[in-house]
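Scroll down for the structure; my scribbles are underneath it.
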Amino acid sequence: MERRSFLKQTSIATAAFSVLPAFETFGAKAETKKITILHTNDVHSHIEPFPATDASFANQGGAARRLSLINRIRQENPNVLLLDAGDIFQGTPYFNFYGGELEFKLMSMMGYDAATIGNHDFDNGVDGLAKQMPNASFKMISSNYDFSNTIMEGLTKPYEIFIKDGIKIGVFGLGIQLKGLVTEALSKETQYLDPLEIAQDMTRKLKHEEKCDLVICLSHLGYEYRFDKISDVKLAQNTQDIDLIIGGHTHTFLPKPVVLQNKAGRDVLVNQVGWAGINLGRIDFEFTSSKSAKTASSAVIRV
Amino acid sequence: MHKKFFLLSALFALIACKQSQVTLKAIEGTQLAITDSLAQDQEVLDYIAPYQKHISEEMSAVLAYAPQSHSKTEGPYNTAIGNMMADAVYELSNPIFKKRTGNAIDGVLLNHGGIRSTLNAGEVTMRTAYDIMPFENSIIVVELTADKVRDMFTYLKSGKAHPIANMQLVLTEDDSIVKATVNGKPVEDGQTYFIATNDYLRQGGDGMVFFADPVSETVLDYKVRSVLIDYFKEKDTIAPVRDNRFIKE
């Protein structure tokens, strides 16, 4: 008798929970955790700000200013993941003279957690990239370049799992088709693997096997093309279980992250912040931890 | 400067069923501009300083002198700066190619879009070479059949001042070819021609599809920018001229 009564009460309680807006449901006692993703793409060796005389980006960018901004955000929330979507190299004499040494050293100093490889990161060949790897304290993540017959073998990871405040974040990385962009003399025996197939493998692994709370794809595929070519938009629409795609290559200035529907009809965010380090992207993910939180299905409104 | 948006995430409710027992509640995206209103991190500035100093010294090294400024917009057909680049590639690559293969370069073709800056009057420095050619492209010599060389001349009829050397192209008023020579001679069937270009164009850049599937090719491991630097070092005065290598009658 007692048991029946208990079950009935529980089901009523559950029903009541499911009608209430999620915000109120958790507002009272649930613990909130915030993960801040900061990201850059296509910085292209722009270590110093653009000169005052630059027609487009006068006085913008610069590594020293980027770090002071990052530090300010870290003081506000220590649970930061700092990421880059490739084309770290090439664009100023810093690269021509030092081959990417300073770029990697500064990213390490800024506490970057991970980056993926852009086509210009091959500009001094796989050898040139491998030579700079000792200067990188961040993870170089590449899921679809097979470096097994090159000097880069073992220097990249197909994915990495970061845990921040107990939240499990899986990051994988996709690079662009090298043919036509990077000569074979530079890419040597690097094999480009189909990004869509690899993305499916990676999301299965990260979301379903590793049970990550967030899956992030660092992509150097490019935002969107007028012709038939894999892009961040196509990747978002033709996969599932990716929460955020941080893009690069097309130097696209998205005024805000774009929300697309994935294959399963769920939302995916795609963001890209131009190039040359003139912007820093910031995406905050707010979680509630609560064992009864099974049916959060309503909108929190904050503008 | 801050562009904010919010996205609500009922969608991620499923996550709650998993081990870590967290539910994604909200996502907020912000784009932060890196402007001069931000303080500069002193540690970064100090770290950069010696690199900056070294580059600045190197880039300011005076290599030659230019009496006049030359821009790639002084075309069509041919420009002084384009002629200088193509001639520099011919002069400096040919000895390397000869030594490597025993053959001689018959002609040079670069692209107009690859001239990235003006040659300014005054001191010609290392920086000048970087400004004109910021990219890492290297010289490659491709052996083309006579048909491909004719395709090349047809391509050039557009009139865009793609730099050429050791070749001549003369068009009539209605853009038909009056004269097309390589190494001073008309193109002959059965002959092959060694054309020096850069690896970007070799791969079909700027629509130069005639470079595809050459009879043979030789990579010189010589960057276009290094050619310019070496050329500037060799000459005291850089005073290129427009000439009749590519003209319309």
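As shown in the structure tokens, the chain order sets the letters A, B, ...; within each chain, residues go from 1, and ligands are also counted from 1 in the order they appear.
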
| said: Can you tell me which residues surround Gln177 (chain A) at a distance of at most 10 Å, considering only C-alpha atoms, apart from same-chain residues fewer than 5 positions away, and format the answer as a VMD selection string? | reply: chain A and resid 119 144 to 145 182 191 to 195 220 to 221 229 to 230

Should the cut-off be 6 Å, what would the residue list for chain B against chain A look like, counting only C-alpha atoms, as a PyMOL selection string?
chain B and resi 8+10-11+13+16+21-35+38-41+44

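Residues lying within 7 Å of Ile132 (chain B), counting only C-alpha atoms and ignoring same-chain neighbours fewer than 2 positions away, are Ile115, Arg116, Ser117, Thr118, Thr128, Ala129, Tyr130 and Pro134 of chain B.
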
Take the residues from that selection and write them out as a compact mmCIF listing (two decimals), in the first residue's frame, keeping N, CA, C and O atoms.
# COMPACT_ATOMS: atom_id res chain seq x y z
N ILE B 115 51.42 40.40 -58.47
CA ILE B 115 52.21 41.60 -58.11
C ILE B 115 51.42 42.29 -57.01
O ILE B 115 50.38 42.88 -57.26
N ARG B 116 51.88 42.20 -55.78
CA ARG B 116 51.05 42.58 -54.64
C ARG B 116 51.27 44.01 -54.15
O ARG B 116 50.61 44.43 -53.21
N SER B 117 52.21 44.71 -54.76
CA SER B 117 52.46 46.07 -54.28
C SER B 117 53.17 46.87 -55.36
O SER B 117 53.68 46.32 -56.33
N THR B 118 53.20 48.17 -55.17
CA THR B 118 53.92 49.08 -56.06
C THR B 118 55.41 49.05 -55.73
O THR B 118 55.78 48.83 -54.57
N THR B 128 60.61 45.88 -49.59
CA THR B 128 60.03 46.03 -50.92
C THR B 128 59.73 44.65 -51.52
O THR B 128 58.66 44.42 -52.09
N ALA B 129 60.69 43.74 -51.39
CA ALA B 129 60.52 42.39 -51.95
C ALA B 129 59.36 41.67 -51.26
O ALA B 129 58.56 41.00 -51.91
N TYR B 130 59.25 41.83 -49.95
CA TYR B 130 58.15 41.21 -49.21
C TYR B 130 56.81 41.83 -49.58
O TYR B 130 55.79 41.14 -49.62
N PRO B 134 54.51 38.77 -51.09
CA PRO B 134 54.41 38.26 -49.71
C PRO B 134 54.26 36.74 -49.64
O PRO B 134 54.47 36.16 -48.59

| said: Residues near region 188-190 of chain B, anyone? I mean within 10 Å using only C-alpha atoms, not counting same-chain ones fewer than 2 positions away, as a ChimeraX atom specification. | reply: /B:145-147,149-150,181-182,185-186,192-193

Checklist entry - Quick one: DSSP strand (DSSP E or B) residues in region 13-245 of chain B, as a ChimeraX atom specification? => result /B:22-33,62-66,70,107-109,119,122-125,138-145,164-165,167-171,177-182,185-186,192-198,216-223,237

Can you write just those residues out, C-alpha atoms, as an mmCIF file, in the first residue's frame?
data_model
loop_
_atom_site.group_PDB
_atom_site.id
_atom_site.type_symbol
_atom_site.label_atom_id
_atom_site.label_comp_id
_atom_site.auth_asym_id
_atom_site.auth_seq_id
_atom_site.Cartn_x
_atom_site.Cartn_y
_atom_site.Cartn_z
ATOM 1 C CA VAL B 22 24.158 17.938 -16.508
ATOM 2 C CA THR B 23 21.714 19.761 -18.702
ATOM 3 C CA LEU B 24 22.668 22.466 -21.085
ATOM 4 C CA LYS B 25 20.489 25.386 -20.194
ATOM 5 C CA ALA B 26 21.609 28.307 -22.296
ATOM 6 C CA ILE B 27 24.155 29.344 -24.841
ATOM 7 C CA GLU B 28 25.384 32.855 -25.328
ATOM 8 C CA GLY B 29 27.580 34.013 -28.182
ATOM 9 C CA THR B 30 29.587 37.224 -28.138
ATOM 10 C CA GLN B 31 32.093 38.575 -30.597
ATOM 11 C CA LEU B 32 34.816 40.574 -28.931
ATOM 12 C CA ALA B 33 36.753 43.050 -31.037
ATOM 13 C CA VAL B 62 68.776 48.739 -48.532
ATOM 14 C CA LEU B 63 69.337 46.521 -51.567
ATOM 15 C CA ALA B 64 69.068 48.954 -54.499
ATOM 16 C CA TYR B 65 67.643 52.280 -55.610
ATOM 17 C CA ALA B 66 64.563 52.984 -57.763
ATOM 18 C CA HIS B 70 56.043 51.632 -60.876
ATOM 19 C CA GLY B 107 60.141 31.798 -71.640
ATOM 20 C CA VAL B 108 58.587 33.030 -68.396
ATOM 21 C CA LEU B 109 54.937 33.582 -67.520
ATOM 22 C CA LEU B 119 57.671 49.482 -56.502
ATOM 23 C CA GLY B 122 63.679 55.666 -53.512
ATOM 24 C CA GLU B 123 65.479 52.996 -51.545
ATOM 25 C CA VAL B 124 64.606 49.437 -52.521
ATOM 26 C CA THR B 125 64.738 47.391 -49.346
ATOM 27 C CA SER B 138 58.349 28.956 -55.893
ATOM 28 C CA ILE B 139 59.612 28.754 -59.453
ATOM 29 C CA ILE B 140 58.766 25.676 -61.440
ATOM 30 C CA VAL B 141 59.828 25.024 -65.048
ATOM 31 C CA VAL B 142 57.280 23.136 -67.110
ATOM 32 C CA GLU B 143 57.939 21.580 -70.507
ATOM 33 C CA LEU B 144 54.959 22.316 -72.750
ATOM 34 C CA THR B 145 53.984 21.030 -76.189
ATOM 35 C CA ILE B 164 56.214 37.524 -69.571
ATOM 36 C CA ALA B 165 59.902 37.282 -70.481
ATOM 37 C CA MET B 167 58.531 35.797 -75.399
ATOM 38 C CA GLN B 168 56.681 38.287 -77.581
ATOM 39 C CA LEU B 169 52.989 38.651 -78.324
ATOM 40 C CA VAL B 170 51.590 41.246 -80.722
ATOM 41 C CA LEU B 171 47.836 41.603 -81.195
ATOM 42 C CA ILE B 177 47.615 37.361 -83.008
ATOM 43 C CA VAL B 178 50.090 38.967 -85.418
ATOM 44 C CA LYS B 179 53.185 37.668 -83.787
ATOM 45 C CA ALA B 180 53.774 35.106 -81.077
ATOM 46 C CA THR B 181 57.355 34.071 -80.453
ATOM 47 C CA VAL B 182 59.237 32.121 -77.828
ATOM 48 C CA LYS B 185 61.112 32.172 -82.892
ATOM 49 C CA PRO B 186 57.530 31.256 -83.805
ATOM 50 C CA THR B 192 58.556 21.408 -76.707
ATOM 51 C CA TYR B 193 59.177 24.563 -74.699
ATOM 52 C CA PHE B 194 60.507 25.133 -71.186
ATOM 53 C CA ILE B 195 58.352 27.776 -69.532
ATOM 54 C CA ALA B 196 59.199 29.043 -66.065
ATOM 55 C CA THR B 197 56.242 29.966 -63.878
ATOM 56 C CA ASN B 198 55.284 29.588 -60.221
ATOM 57 C CA SER B 216 57.945 17.294 -67.739
ATOM 58 C CA GLU B 217 58.494 19.675 -64.868
ATOM 59 C CA THR B 218 61.400 20.791 -62.727
ATOM 60 C CA VAL B 219 60.965 22.316 -59.289
ATOM 61 C CA LEU B 220 63.781 24.782 -58.672
ATOM 62 C CA ASP B 221 63.249 25.238 -54.893
ATOM 63 C CA TYR B 222 63.629 28.958 -55.523
ATOM 64 C CA LYS B 223 60.971 31.257 -54.117
ATOM 65 C CA THR B 237 69.448 50.769 -59.845
#

Please list as number ranges by chain every residue within 7 Å of Ile246 (chain A), counting only C-alpha atoms and excluding residues in the same chain fewer than 4 positions away. A: 85, 217-219, 270-272

- prompt: Suppose you want the space between CA of Met107 (chain A) and CA of Asp121 (chain A); what is it in Å?
  reply: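 Distance between the two atoms: 14.4 Å.
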
Residue nearest Tyr231 (chain B) among B:Asp213, B:Glu58, B:Asp106, B:Asp87 (counting only C-alpha atoms):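 Closest to Tyr231 (chain B) of all the choices is B:Asp87.
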
_Residue contacts of Val233 (chain A) (8 Å, only C-alpha atoms) excluding same-chain residues fewer than 3 positions away, as a ChimeraX atom specification_ = /A:223-224,236-237,260,270

Based on the selection just made, write all heavy atoms of those residues as a compact mmCIF listing (two decimals), in the first residue's frame.
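Writing done, so here's part21.txt:
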# COMPACT_ATOMS: atom_id res chain seq x y z
N TYR A 223 33.46 28.30 -44.36
CA TYR A 223 32.08 28.45 -43.90
C TYR A 223 31.06 27.91 -44.91
O TYR A 223 30.24 27.07 -44.59
CB TYR A 223 31.78 29.93 -43.60
CG TYR A 223 30.35 30.13 -43.12
CD1 TYR A 223 29.93 29.59 -41.90
CD2 TYR A 223 29.42 30.80 -43.90
CE1 TYR A 223 28.64 29.72 -41.48
CE2 TYR A 223 28.11 30.94 -43.48
CZ TYR A 223 27.72 30.40 -42.27
OH TYR A 223 26.42 30.52 -41.85
N GLU A 224 31.14 28.37 -46.16
CA GLU A 224 30.15 27.96 -47.16
C GLU A 224 30.70 28.26 -48.55
O GLU A 224 31.43 29.23 -48.72
CB GLU A 224 28.86 28.76 -46.95
CG GLU A 224 27.66 28.18 -47.66
CD GLU A 224 26.37 28.93 -47.32
OE1 GLU A 224 26.44 30.07 -46.86
OE2 GLU A 224 25.30 28.34 -47.53
N ALA A 236 27.48 20.85 -40.59
CA ALA A 236 26.47 21.02 -39.54
C ALA A 236 25.18 20.29 -39.91
O ALA A 236 24.59 19.60 -39.08
CB ALA A 236 26.20 22.51 -39.32
N GLN A 237 24.78 20.45 -41.17
CA GLN A 237 23.48 19.90 -41.59
C GLN A 237 23.51 18.39 -41.81
O GLN A 237 22.46 17.75 -41.76
CB GLN A 237 23.04 20.60 -42.88
CG GLN A 237 22.68 22.06 -42.64
CD GLN A 237 22.53 22.85 -43.92
OE1 GLN A 237 23.05 22.46 -44.97
NE2 GLN A 237 21.84 23.98 -43.85
N LEU A 260 22.16 26.40 -36.99
CA LEU A 260 21.65 25.56 -38.07
C LEU A 260 21.03 24.30 -37.47
O LEU A 260 21.28 23.97 -36.32
CB LEU A 260 22.80 25.17 -39.02
CG LEU A 260 23.47 26.34 -39.77
CD1 LEU A 260 24.77 25.86 -40.40
CD2 LEU A 260 22.55 26.92 -40.82
N VAL A 270 27.47 27.46 -35.49
CA VAL A 270 28.68 27.60 -36.31
C VAL A 270 29.18 29.03 -36.11
O VAL A 270 28.40 29.98 -36.21
CB VAL A 270 28.38 27.38 -37.81
CG1 VAL A 270 29.67 27.52 -38.62
CG2 VAL A 270 27.75 26.01 -38.05

Q. Skipping near chain neighbours, those fewer than 3 positions away, what residues fall within 8 Å of Glu173 (chain B) using only C-alpha atoms, listed as a VMD selection string?
A. chain B and resid 176 248 to 249

Mind the document's chain letters and residue numbers, and return as a ChimeraX atom specification the residues of region 102-150 of chain A that DSSP labels alpha helix (DSSP H).
/A:102-110,125-132

Write the residues of the selection above to a file with N, CA and C atoms, as a compact mmCIF listing (two decimals), in the first residue's frame.
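Dumped to part11.txt:
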# COMPACT_ATOMS: atom_id res chain seq x y z
N LEU A 102 57.39 32.03 -33.23
CA LEU A 102 56.80 33.01 -32.31
C LEU A 102 55.29 32.80 -32.19
N GLU A 103 54.64 32.44 -33.30
CA GLU A 103 53.19 32.19 -33.28
C GLU A 103 52.87 31.10 -32.25
N PHE A 104 53.58 29.97 -32.34
CA PHE A 104 53.34 28.85 -31.41
C PHE A 104 53.72 29.22 -29.98
N LYS A 105 54.83 29.92 -29.83
CA LYS A 105 55.27 30.27 -28.47
C LYS A 105 54.26 31.21 -27.80
N LEU A 106 53.74 32.15 -28.57
CA LEU A 106 52.76 33.08 -27.99
C LEU A 106 51.44 32.37 -27.68
N MET A 107 51.03 31.48 -28.56
CA MET A 107 49.80 30.73 -28.26
C MET A 107 49.96 29.89 -27.00
N SER A 108 51.15 29.33 -26.83
CA SER A 108 51.42 28.55 -25.62
C SER A 108 51.38 29.46 -24.40
N MET A 109 51.99 30.63 -24.54
CA MET A 109 52.00 31.61 -23.45
C MET A 109 50.58 32.06 -23.09
N MET A 110 49.73 32.19 -24.10
CA MET A 110 48.35 32.62 -23.85
C MET A 110 47.49 31.50 -23.27
N GLY A 125 56.05 23.25 -45.39
CA GLY A 125 56.04 21.80 -45.50
C GLY A 125 55.68 21.11 -44.19
N VAL A 126 55.40 19.80 -44.26
CA VAL A 126 55.17 19.04 -43.02
C VAL A 126 56.40 19.14 -42.13
N ASP A 127 57.58 19.26 -42.75
CA ASP A 127 58.81 19.37 -41.97
C ASP A 127 58.83 20.67 -41.17
N GLY A 128 58.42 21.75 -41.85
CA GLY A 128 58.39 23.07 -41.20
C GLY A 128 57.41 23.09 -40.04
N LEU A 129 56.29 22.39 -40.20
CA LEU A 129 55.29 22.33 -39.14
C LEU A 129 55.82 21.48 -37.97
N ALA A 130 56.39 20.34 -38.32
CA ALA A 130 56.92 19.44 -37.28
C ALA A 130 58.01 20.13 -36.48
N LYS A 131 58.82 20.94 -37.18
CA LYS A 131 59.92 21.64 -36.53
C LYS A 131 59.42 22.59 -35.43
N GLN A 132 58.23 23.16 -35.64
CA GLN A 132 57.70 24.11 -34.66
C GLN A 132 56.91 23.44 -33.53

Between A:Ile151, A:Gly170, A:Asp42, A:Ile73, smallest distance to Gly222 (chain A) by only C-alpha atoms belongs to A:Asp42

ask   = What is the distance, in Å and to one decimal place, between CA of Asp151 (chain B) and CA of Phe211 (chain B)?
value =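 Going from CA of Asp151 (chain B) over to CA of Phe211 (chain B), I get 9.6 Å.
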
re CA of Ser45 (chain A) and CA of Leu174 (chain A): distance 20.7 Å

Nearest to Asp232 (chain A), restricted to only C-alpha atoms and choosing among A:Ala55, A:Thr252, A:Val215, A:Gly154, comes out as A:Thr252

Query raised in the report: Between B:Ser37, B:Ser69, B:Ser226, B:Asn94, which has the minimum distance to Phe135 (chain B) (counting only C-alpha atoms)?
Result: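 Comparing B:Ser37, B:Ser69, B:Ser226, B:Asn94 against Phe135 (chain B), the winner is B:Ser226.
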
The residue from B:Pro76, B:Pro240, B:Gly159, B:Pro95 with the smallest atom-to-atom distance to Ala121 (chain B), counting only C-alpha atoms, is B:Pro240

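Minimum atom-to-atom distance to Ile141 (chain A), evaluated using only C-alpha atoms, belongs to A:Leu155 out of A:Leu155, A:Leu186, A:Val80, A:Leu206.
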